[in-house]
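So this block is final28.tsv, TSV, C-alpha atoms and all ligand atoms:
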```tsv
chain	number	residue	atom	x	y	z
U	15	MET	CA	98.61	104.57	144.16
U	16	THR	CA	97.97	105.94	140.70
U	17	ALA	CA	99.76	108.98	139.32
U	18	ARG	CA	97.97	112.22	138.51
U	19	ILE	CA	97.80	112.45	134.72
U	20	LEU	CA	99.45	115.57	133.28
U	21	ASP	CA	97.18	116.07	130.29
U	22	GLY	CA	98.96	117.83	127.41
U	23	THR	CA	95.83	118.14	125.28
U	24	LYS	CA	94.07	120.06	128.08
U	25	ILE	CA	97.00	122.49	128.38
U	26	ARG	CA	97.14	122.86	124.59
U	27	ASP	CA	93.45	123.88	124.63
U	28	GLU	CA	94.11	126.42	127.40
U	29	VAL	CA	97.11	127.91	125.59
U	30	PHE	CA	95.19	128.04	122.29
U	31	VAL	CA	92.44	130.10	123.97
U	32	GLU	CA	95.10	132.51	125.27
U	33	LEU	CA	96.85	132.67	121.89
U	34	LYS	CA	93.57	133.40	120.08
U	35	GLY	CA	93.14	136.46	122.32
U	36	GLU	CA	96.67	137.64	121.49
U	37	ILE	CA	96.17	137.00	117.79
U	38	ARG	CA	92.93	139.04	117.86
U	39	ALA	CA	94.77	141.91	119.58
U	40	LEU	CA	97.56	141.80	116.97
U	41	ASP	CA	94.97	141.68	114.20
U	42	ALA	CA	93.45	144.91	115.56
U	43	SER	CA	96.88	146.50	114.97
U	44	GLY	CA	97.02	145.11	111.41
U	45	ILE	CA	99.45	142.28	112.25
U	46	ARG	CA	98.81	138.70	111.17
U	47	PRO	CA	101.61	136.41	112.39
U	48	GLY	CA	102.71	133.88	109.76
U	49	LEU	CA	104.65	130.61	109.69
U	50	ALA	CA	106.54	129.27	106.66
U	51	ALA	CA	107.12	125.51	106.83
U	52	VAL	CA	109.71	123.81	104.63
U	53	LEU	CA	109.10	120.11	104.04
U	54	VAL	CA	111.77	118.45	101.90
U	55	GLY	CA	110.89	115.17	100.14
U	56	ASP	CA	108.13	112.69	100.91
U	57	ASP	CA	108.92	111.18	104.32
U	58	PRO	CA	105.46	110.13	105.63
U	59	ALA	CA	106.19	110.97	109.30
U	60	SER	CA	107.50	114.45	108.39
U	61	GLN	CA	104.48	115.02	106.12
U	62	LEU	CA	102.17	114.19	109.02
U	63	TYR	CA	104.01	116.52	111.45
U	64	VAL	CA	104.01	119.45	109.02
U	65	LYS	CA	100.35	118.89	108.15
U	66	SER	CA	99.50	119.11	111.87
U	67	LYS	CA	101.54	122.31	112.22
U	68	ILE	CA	99.76	123.96	109.28
U	69	ALA	CA	96.38	122.79	110.63
U	70	ALA	CA	97.19	124.40	114.00
U	71	CYS	CA	98.01	127.69	112.21
U	72	GLU	CA	94.66	127.53	110.43
U	73	GLN	CA	92.81	126.76	113.67
U	74	LEU	CA	94.36	129.83	115.32
U	75	GLY	CA	94.01	132.17	112.33
U	76	LEU	CA	97.75	132.47	111.64
U	77	ALA	CA	99.00	132.82	108.08
U	78	SER	CA	100.95	129.79	106.85
U	79	TRP	CA	102.92	128.75	103.79
U	80	MET	CA	104.17	125.31	102.88
U	81	HIS	CA	107.31	124.92	100.74
U	82	ARG	CA	107.88	121.43	99.31
U	83	PRO	CA	111.29	121.15	97.65
U	84	PRO	CA	112.20	117.71	96.21
U	85	ALA	CA	114.42	115.25	98.14
U	86	THR	CA	117.20	116.00	95.59
U	87	ILE	CA	117.59	119.65	96.73
U	88	THR	CA	121.16	120.88	97.35
U	89	THR	CA	122.51	122.83	100.32
U	90	GLN	CA	122.89	125.91	98.08
U	91	GLU	CA	119.25	125.71	96.97
U	92	MET	CA	118.10	125.32	100.58
U	93	LEU	CA	120.20	128.35	101.57
U	94	GLN	CA	118.55	130.35	98.77
U	95	LEU	CA	115.07	129.36	99.98
U	96	VAL	CA	115.95	130.29	103.58
U	97	ASP	CA	117.32	133.63	102.36
U	98	ASP	CA	114.05	134.33	100.50
U	99	LEU	CA	112.03	133.55	103.66
U	100	ASN	CA	114.35	135.68	105.81
U	101	ARG	CA	113.68	138.63	103.48
U	102	ASP	CA	109.90	138.11	103.29
U	103	ASP	CA	108.40	140.52	105.84
U	104	ALA	CA	105.09	138.60	106.02
U	105	VAL	CA	106.96	135.57	107.39
U	106	ASP	CA	107.48	135.69	111.17
U	107	GLY	CA	108.51	132.09	111.71
U	108	ILE	CA	110.55	129.65	109.61
U	109	LEU	CA	110.27	125.93	110.28
U	110	ILE	CA	112.67	123.58	108.52
U	111	GLN	CA	111.24	120.12	109.14
U	112	LEU	CA	114.00	117.66	110.11
U	113	PRO	CA	115.57	115.37	109.11
U	114	LEU	CA	116.89	116.84	105.86
U	115	PRO	CA	118.28	114.56	103.12
U	116	LYS	CA	121.88	113.37	103.57
U	117	GLN	CA	123.36	115.63	100.88
U	118	VAL	CA	122.10	118.77	102.66
U	119	ASP	CA	124.31	120.37	105.34
U	120	THR	CA	121.64	120.64	108.07
U	121	LYS	CA	123.69	122.77	110.49
U	122	ARG	CA	124.52	125.29	107.75
U	123	VAL	CA	120.86	125.55	106.76
U	124	LEU	CA	119.64	125.97	110.36
U	125	GLU	CA	122.31	128.61	111.02
U	126	ALA	CA	121.13	130.54	107.94
U	127	VAL	CA	117.67	131.09	109.46
U	128	ASP	CA	117.26	134.63	110.83
U	129	PRO	CA	117.38	134.12	114.66
U	130	ALA	CA	114.36	136.48	114.93
U	131	LYS	CA	112.35	133.98	112.83
U	132	ASP	CA	113.82	130.81	114.38
U	133	VAL	CA	110.57	129.50	115.91
U	134	ASP	CA	112.15	126.07	116.48
U	135	GLY	CA	114.75	127.68	118.77
U	136	PHE	CA	117.55	125.69	117.05
U	137	HIS	CA	119.78	128.62	116.01
U	138	PRO	CA	123.04	128.99	118.02
U	139	VAL	CA	122.08	132.61	118.78
U	140	ASN	CA	118.86	131.48	120.48
U	141	LEU	CA	120.66	128.61	122.24
U	142	GLY	CA	123.25	131.14	123.45
U	143	ARG	CA	120.51	133.45	124.71
U	144	LEU	CA	119.03	130.51	126.62
U	145	VAL	CA	122.42	129.68	128.16
U	146	SER	CA	122.94	133.27	129.29
U	147	GLY	CA	119.33	133.66	130.52
U	148	ARG	CA	118.33	136.33	127.99
U	149	PRO	CA	114.95	136.47	126.18
U	150	GLY	CA	114.80	134.55	122.92
U	151	LEU	CA	112.97	131.76	121.12
U	152	VAL	CA	113.18	128.47	123.03
U	153	ALA	CA	112.99	124.97	121.49
U	154	CYS	CA	109.37	123.84	121.45
U	155	THR	CA	109.51	120.43	123.15
U	156	PRO	CA	111.42	121.53	126.28
U	157	ALA	CA	109.33	124.72	126.41
U	158	GLY	CA	106.21	122.51	126.32
U	159	CYS	CA	107.56	120.34	129.16
U	160	MET	CA	108.08	123.47	131.29
U	161	GLU	CA	104.54	124.60	130.50
U	162	ILE	CA	103.21	121.21	131.70
U	163	LEU	CA	105.16	121.45	134.97
U	164	CYS	CA	104.22	125.08	135.67
U	165	ARG	CA	100.54	124.81	134.79
U	166	ASN	CA	100.23	121.75	137.04
U	167	ASN	CA	101.89	123.60	139.95
U	168	ILE	CA	104.72	121.12	140.22
U	169	ALA	CA	107.43	122.63	142.41
U	170	ILE	CA	110.63	123.17	140.44
U	171	GLU	CA	112.56	125.47	142.75
U	172	GLY	CA	114.94	123.41	144.85
U	173	ALA	CA	113.81	120.14	143.23
U	174	ASN	CA	116.25	117.48	142.07
U	175	ALA	CA	115.58	117.21	138.33
U	176	VAL	CA	117.06	114.40	136.25
U	177	VAL	CA	117.01	114.71	132.45
U	178	LEU	CA	117.70	111.52	130.48
U	179	GLY	CA	119.15	112.39	127.08
U	180	ARG	CA	121.47	115.21	126.03
U	181	SER	CA	120.27	116.14	122.54
U	182	ASP	CA	120.61	119.73	121.31
U	183	ILE	CA	116.85	119.82	120.69
U	184	VAL	CA	115.51	118.45	123.99
U	185	GLY	CA	117.96	117.34	126.71
U	186	LYS	CA	120.34	120.31	126.74
U	187	PRO	CA	117.70	123.11	126.55
U	188	MET	CA	115.53	121.20	129.06
U	189	GLY	CA	118.40	121.11	131.55
U	190	LEU	CA	118.95	124.86	131.13
U	191	LEU	CA	115.26	125.72	131.55
U	192	LEU	CA	115.04	123.66	134.75
U	193	MET	CA	118.26	125.23	136.03
U	194	HIS	CA	116.93	128.75	135.35
U	195	ALA	CA	113.82	127.77	137.33
U	196	ASN	CA	116.17	126.93	140.25
U	197	ALA	CA	116.11	123.13	140.09
U	198	THR	CA	119.28	121.13	140.79
U	199	VAL	CA	119.78	119.45	137.43
U	200	THR	CA	121.51	116.21	136.45
U	201	ILE	CA	121.73	115.35	132.76
U	202	CYS	CA	122.18	111.63	132.12
U	203	HIS	CA	123.35	109.92	128.91
U	204	SER	CA	124.57	106.59	127.57
U	205	LYS	CA	127.78	106.72	129.64
U	206	THR	CA	126.13	107.65	132.95
U	207	ARG	CA	127.11	105.24	135.73
U	208	ASP	CA	124.37	103.74	137.90
U	209	LEU	CA	121.45	105.31	136.11
U	210	PRO	CA	118.77	103.70	138.37
U	211	GLU	CA	120.35	105.21	141.51
U	212	THR	CA	120.62	108.65	139.87
U	213	VAL	CA	116.99	108.56	138.71
U	214	ARG	CA	115.88	107.45	142.19
U	215	ARG	CA	117.08	110.79	143.63
U	216	ALA	CA	114.84	112.78	141.26
U	217	ASP	CA	111.76	114.78	142.23
U	218	ILE	CA	111.31	115.53	138.52
U	219	ILE	CA	112.30	113.11	135.74
U	220	VAL	CA	112.37	114.13	132.08
U	221	ALA	CA	112.89	111.08	129.86
U	222	ALA	CA	114.05	111.93	126.33
U	223	MET	CA	116.33	109.23	124.98
U	224	GLY	CA	113.99	107.53	122.50
U	225	LYS	CA	113.91	103.98	123.94
U	226	ALA	CA	110.51	102.40	124.54
U	227	GLY	CA	109.79	101.77	128.21
U	228	TYR	CA	113.48	102.14	129.17
U	229	VAL	CA	112.94	103.91	132.52
U	230	ALA	CA	111.79	101.16	134.89
U	231	ALA	CA	109.09	101.82	137.49
U	232	GLU	CA	111.54	100.64	140.19
U	233	TRP	CA	113.88	103.53	139.33
U	234	ILE	CA	111.24	106.11	140.17
U	235	ARG	CA	110.98	107.64	143.62
U	236	PRO	CA	107.36	107.28	144.81
U	237	GLY	CA	105.59	110.60	144.23
U	238	ALA	CA	108.03	111.96	141.63
U	239	ALA	CA	106.80	113.94	138.61
U	240	VAL	CA	107.57	112.17	135.33
U	241	ILE	CA	107.67	113.96	131.98
U	242	ASP	CA	107.88	111.39	129.20
U	243	VAL	CA	109.12	112.93	125.94
U	244	GLY	CA	109.44	109.60	124.09
U	245	THR	CA	107.02	108.55	121.37
U	246	ASN	CA	108.08	105.08	120.24
U	247	ARG	CA	106.05	102.84	117.97
U	248	VAL	CA	106.19	99.26	119.29
U	249	THR	CA	105.36	96.51	116.78
U	250	ASP	CA	107.03	93.49	118.43
U	251	ALA	CA	104.50	91.26	120.24
U	252	GLN	CA	106.99	90.13	122.91
U	253	GLU	CA	108.00	93.68	123.69
U	254	ALA	CA	104.33	94.70	123.91
U	255	ALA	CA	103.65	91.79	126.29
U	256	ARG	CA	106.56	92.96	128.52
U	257	LEU	CA	105.41	96.58	128.49
U	258	PHE	CA	101.69	95.99	128.96
U	259	LYS	CA	101.71	92.99	131.33
U	260	ASN	CA	99.78	95.05	133.91
U	261	PHE	CA	97.59	96.81	131.33
U	262	PRO	CA	95.41	94.14	129.67
U	263	GLU	CA	93.35	96.75	127.79
U	264	ARG	CA	96.46	98.25	126.18
U	265	LEU	CA	97.73	94.76	125.29
U	266	GLU	CA	94.37	93.93	123.72
U	267	LYS	CA	94.47	97.15	121.70
U	268	PHE	CA	98.01	96.30	120.57
U	269	ARG	CA	96.80	92.89	119.38
U	270	THR	CA	94.05	94.41	117.23
U	271	LYS	CA	96.29	97.10	115.70
U	272	ASN	CA	99.66	95.25	115.74
U	273	SER	CA	101.28	98.41	117.05
U	274	ALA	CA	101.18	100.81	119.97
U	275	LEU	CA	102.79	104.10	120.99
U	276	VAL	CA	104.92	103.88	124.12
U	277	GLY	CA	107.01	106.52	125.85
U	278	ASP	CA	110.55	106.18	127.20
U	279	VAL	CA	109.10	105.35	130.63
U	280	HIS	CA	107.70	101.89	131.40
U	281	PRO	CA	103.88	102.00	131.69
U	282	ASP	CA	104.14	100.53	135.23
U	283	ALA	CA	105.40	103.97	136.35
U	284	LEU	CA	101.74	104.92	136.59
U	285	ASN	CA	101.59	103.07	139.90
U	286	VAL	CA	104.69	104.74	141.41
U	287	ALA	CA	104.93	108.32	140.13
U	288	GLY	CA	103.01	111.17	141.73
U	289	ALA	CA	102.29	112.74	138.34
U	290	LEU	CA	102.93	111.53	134.82
U	291	THR	CA	102.51	112.66	131.22
U	292	PRO	CA	100.70	109.99	129.16
U	293	VAL	CA	101.91	108.79	125.75
U	294	PRO	CA	100.18	109.75	123.56
U	295	GLY	CA	98.53	112.95	124.86
U	296	GLY	CA	101.22	114.37	127.13
U	297	VAL	CA	104.26	116.16	125.71
U	298	GLY	CA	103.32	115.51	122.05
U	299	PRO	CA	100.51	118.11	121.75
U	300	MET	CA	102.67	120.68	123.56
U	301	THR	CA	105.39	120.73	120.89
U	302	ILE	CA	103.04	122.13	118.24
U	303	THR	CA	101.45	124.40	120.85
U	304	MET	CA	104.79	126.01	121.66
U	305	LEU	CA	105.56	126.38	117.94
U	306	MET	CA	102.37	128.43	117.63
U	307	SER	CA	103.31	130.40	120.73
U	308	ASN	CA	106.80	131.08	119.35
U	309	THR	CA	105.33	132.26	116.04
U	310	VAL	CA	103.15	134.81	117.83
U	311	LYS	CA	106.10	135.81	120.03
U	312	ALA	CA	108.37	136.24	116.98
U	313	ALA	CA	105.72	138.43	115.29
U	314	ARG	CA	105.52	140.66	118.38
U	315	LEU	CA	109.26	140.89	118.93
U	316	ARG	CA	110.06	141.59	115.25
U	317	ARG	CA	107.54	144.42	115.20
U	318	GLY	CA	108.31	145.79	118.65
U	319	VAL	CA	104.80	145.12	119.98
U	320	PRO	CA	104.98	145.03	123.81
U	321	VAL	CA	104.14	141.82	125.65
U	322	ALA	CA	100.74	141.71	127.33
U	323	SER	CA	101.34	140.39	130.86
U	324	GLY	CA	100.20	136.79	131.29
U	325	SER	CA	100.22	136.17	127.54
U	326	SER	CA	100.99	132.63	126.42
U	327	SER	CA	103.71	133.73	124.06
U	328	SER	CA	105.56	135.44	126.91
U	329	SER	CA	105.30	132.28	128.97
U	330	SER	CA	106.83	132.60	132.42
U	331	SER	CA	107.95	128.99	132.27
U	332	THR	CA	110.51	129.75	129.57
U	333	SER	CA	111.28	133.26	130.71
U	334	SER	CA	114.90	134.05	131.40
U	335	ASN	CA	113.79	135.59	134.67
U	336	SER	CA	114.07	132.70	137.06
U	337	SER	CA	112.18	134.47	139.85
U	338	ALA	CA	109.24	134.95	137.48
U	339	SER	CA	109.25	131.30	136.53
U	340	SER	CA	109.57	130.03	140.06
U	341	SER	CA	106.99	132.41	141.52
U	342	LYS	CA	104.26	130.39	139.82
U	343	GLN	CA	105.19	127.24	141.70
U	344	THR	CA	103.47	125.96	144.76
U	345	GLN	CA	106.05	124.68	147.16
U	346	THR	CA	105.03	121.08	147.57
U	347	THR	CA	107.68	118.40	147.69
U	348	THR	CA	105.98	115.82	145.55
U	349	ALA	CA	103.95	115.94	142.40
U	350	ARG	CA	100.64	114.97	143.96
B	1	LIG	N1	111.57	116.76	113.33
B	1	LIG	C1	111.18	116.08	114.45
B	1	LIG	N2	110.88	116.95	115.43
B	1	LIG	C2	111.07	118.20	114.94
B	1	LIG	C3	110.91	119.50	115.49
B	1	LIG	O1	110.54	119.71	116.65
B	1	LIG	N3	111.20	120.52	114.64
B	1	LIG	C4	111.62	120.32	113.38
B	1	LIG	N4	111.90	121.39	112.64
B	1	LIG	N5	111.78	119.13	112.84
B	1	LIG	C5	111.50	118.07	113.62
```
Output the file's structure as C-alpha cells, nothing else.
Amino acid sequence: MTARILDGTKIRDEVFVELKGEIRALDASGIRPGLAAVLVGDDPASQLYVKSKIAACEQLGLASWMHRPPATITTQEMLQLVDDLNRDDAVDGILIQLPLPKQVDTKRVLEAVDPAKDVDGFHPVNLGRLVSGRPGLVACTPAGCMEILCRNNIAIEGANAVVLGRSDIVGKPMGLLLMHANATVTICHSKTRDLPETVRRADIIVAAMGKAGYVAAEWIRPGAAVIDVGTNRVTDAQEAARLFKNFPERLEKFRTKNSALVGDVHPDALNVAGALTPVPGGVGPMTITMLMSNTVKAARLRRGVPVASGSSSSSSSTSSNSSASSSKQTQTTTAR
C-alpha cells in the first residue's frame, strides 16, 4: 500500500488564491500589507530563505523591505533597527531571519519586536496567547502543518498525535495546536523511553527533530498520517544507499547530484503510512505560505479590519476556537 501524498505546493497555491482575494479587498480600503525582513550577514541558506519570502510578497502584491545589516552588528544596533520598524506604520510584519550572529542576544531582539507585528509568532506574548487559546500570530511551520492536516480532512479530534521534537519554533506550538484541535498529544524528545512503541500508538505523527530518515517505517502504525517537518541535506553515499534502497530512482538522482534532501522520516514510510508529506514539497512550501497569511492577518488586526469568514488569514486550523478547528474534520480513523 502506498500513502496518499499530502502535497504542500498544492495547498500553497490554494491559500495564495485566497490571500490574493483578501489583499484585493484590503487594497480597496487603501491598505497594502507590508513585510520587513531583516537578514544579518551573508549566510547562503538564510539569503535563499529571505529571497523566497520577498518573492512570495511580490507574487501576492504585498509591500516588502529588506534590511541587510553586516554580520558585525551589535545587540544595541539590532534593537534600534527593530524599534524603527516597530514605529513604521507601513510595516505590518517584522521577520528577523535566524540564526543571528553569536554576539547578538537573539532572545532580547525577538522580544523587542512588537507582538502585533510578530509574523513569525516567536514573541512570548504570542506564545502565551497560543497556550491560553486566545487569538494571536502563530509560528508559521506548525500553522502550515495544521493547514495540511485540515485541508486534507485528516481527523484530529480524538486522534493520538505524537510530535517528535520539542523546539520553541515547531514542537511546542505544534503540540498546543493539536491539543486545541482535541487530539491527545504526546511530545517526544531525546530522553523519551521506547520511542518506537510510542510512535506506534500514533494516528498522526509530526517529525521535527532534524535527523535524516530517523523515524523508521516499522515504527509507523499502518494507515497513520505522517507530517515530516525535516529538510536534511544528505551527502554521504552510504547514508543515501541506506535511505534509498527501495527507491532506485532517488538513489540514481543522488549519484548524479552527490546530494539529496531527506526528511526526518525514512522514505520507506511511503509503503506503511496512510498519508504522508513529501520532502521536498510538503511542509516546506507551507512555512512561507503561513508567513504571508500572518502578514495579511497582522495588517487586518492592527487596523481593526474585521475578518472575512473563510479567509486564509483567519485560518480555522490555527484558531483558538477548538470547535471551529475540529468542525472541519471528517471523522475517519485513518489518513486514507
Ligand atoms: N530560520 C530558519 N527558519 C526560520 C523561520 O521560520 N523564521 C525565521 N525568522 N528564521 C528562520
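Closest approach to U:Gly296 among U:Cys159, U:Ala274, U:Leu112, U:Ile170: U:Cys159, based on all atoms listed in the file.
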Exercise. Produce as a ChimeraX atom specification the set of residues near ligand LIG 1 (chain B), where near means within 7 Å with only C-alpha atoms and all ligand atoms considered.
Key: /U:60,109-113,134,154-155,301
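Reported to one decimal place, the separation of atom CA of U:Glu125 from atom CA of U:Gly55 is 20.7 Å.
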Residues of stretch 49-122 of chain U within 8 Å of stretch 17-40 of chain U: nearest atom pair and distance (Å, one decimal) for each, counting all atoms listed in the file, sorted by chain and number, as CSV?
```
residue,atom,partner,partner_atom,distance
U:Leu74,CA,U:Lys34,CA,6.0
U:Gly75,CA,U:Ile37,CA,7.6
U:Leu76,CA,U:Ile37,CA,7.8
```
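Once U:Arg82 and its same-chain neighbours fewer than 5 positions away are set aside, Ala51, Val52, Leu53, Val54, Gly55, Asp56 and Gln61 of chain U remain within 10 Å of it when counting all atoms listed in the file.
Across the model, the gap from atom CA of U:Thr120 to atom CA of U:Glu91 is 12.4 Å.
Restricting the calculation to all atoms listed in the file, the smallest distance between U:Arg46 and any of U:Ser327, U:Thr16, U:Gln94, U:Thr309 is found for U:Thr309.
With distances taken over all atoms listed in the file, U:Met92 is the one residue among U:Leu141, U:Met92, U:Asp97, U:Leu151 lying closest to U:Val123.
Among U:Ile162, U:His194, U:Leu95, U:His137, the residue with the shortest atom-to-atom distance to U:Asp182, counting all atoms listed in the file, is U:His137.
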Quiz item: Neighbours of U:Lys205 within 12 Å (only C-alpha atoms; same-chain residues fewer than 2 positions away dropped), as JSON, numbers by chain?
Solution: {"U": [178, 179, 180, 201, 202, 203, 207, 208, 209]}
Practice problem: Please indicate the distance in Å from atom CA of U:Leu284 to atom CA of U:Lys186, rounded to one decimal place. | Solution: 26.1 Å
Quiz item: Which polymer residues have any atom within 7 Å of an atom of U:Thr200, counting all atoms listed in the file, with same-chain residues fewer than 6 positions away left out, as a list in words?
Solution: Ala175, Val176 and Val177 of chain U
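Proximity ranking of U:Met306, U:Met80, U:Leu144, U:Ile168 relative to U:Gly237 places U:Ile168 first, based on all atoms listed in the file.
Residues lying within 12 Å of U:Arg101, counting only C-alpha atoms and ignoring same-chain neighbours fewer than 5 positions away, are Gln94, Leu95, Val96, Asp106, Gly107, Ile108, Ala126, Val127, Asp128, Ala130 and Lys131 of chain U.
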Exercise. Tell me, as a PyMOL selection string, which residues lie within 10 Å of U:Thr332, counting only C-alpha atoms; anything in the same chain fewer than 3 positions away does not count.
Key: chain U and resi 144+147+149-153+156-161+164+188+190-192+194-195+327-329+335-336+338-339
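Among the candidates U:Ser43, U:Ser181, U:Asn260, U:Ser66, the one nearest to U:Ala222 when counting only C-alpha atoms is U:Ser181.
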Would you compute, for all listed atoms of stretch 15-19 of chain U, the axis-aligned bounding box grown by 3 Å on each side, and then report its centre and edge lengths in Å rounded to one decimal, as JSON?
```
{"center_x": 98.8, "center_y": 108.5, "center_z": 139.4, "size_x": 8.0, "size_y": 13.9, "size_z": 15.4}
```
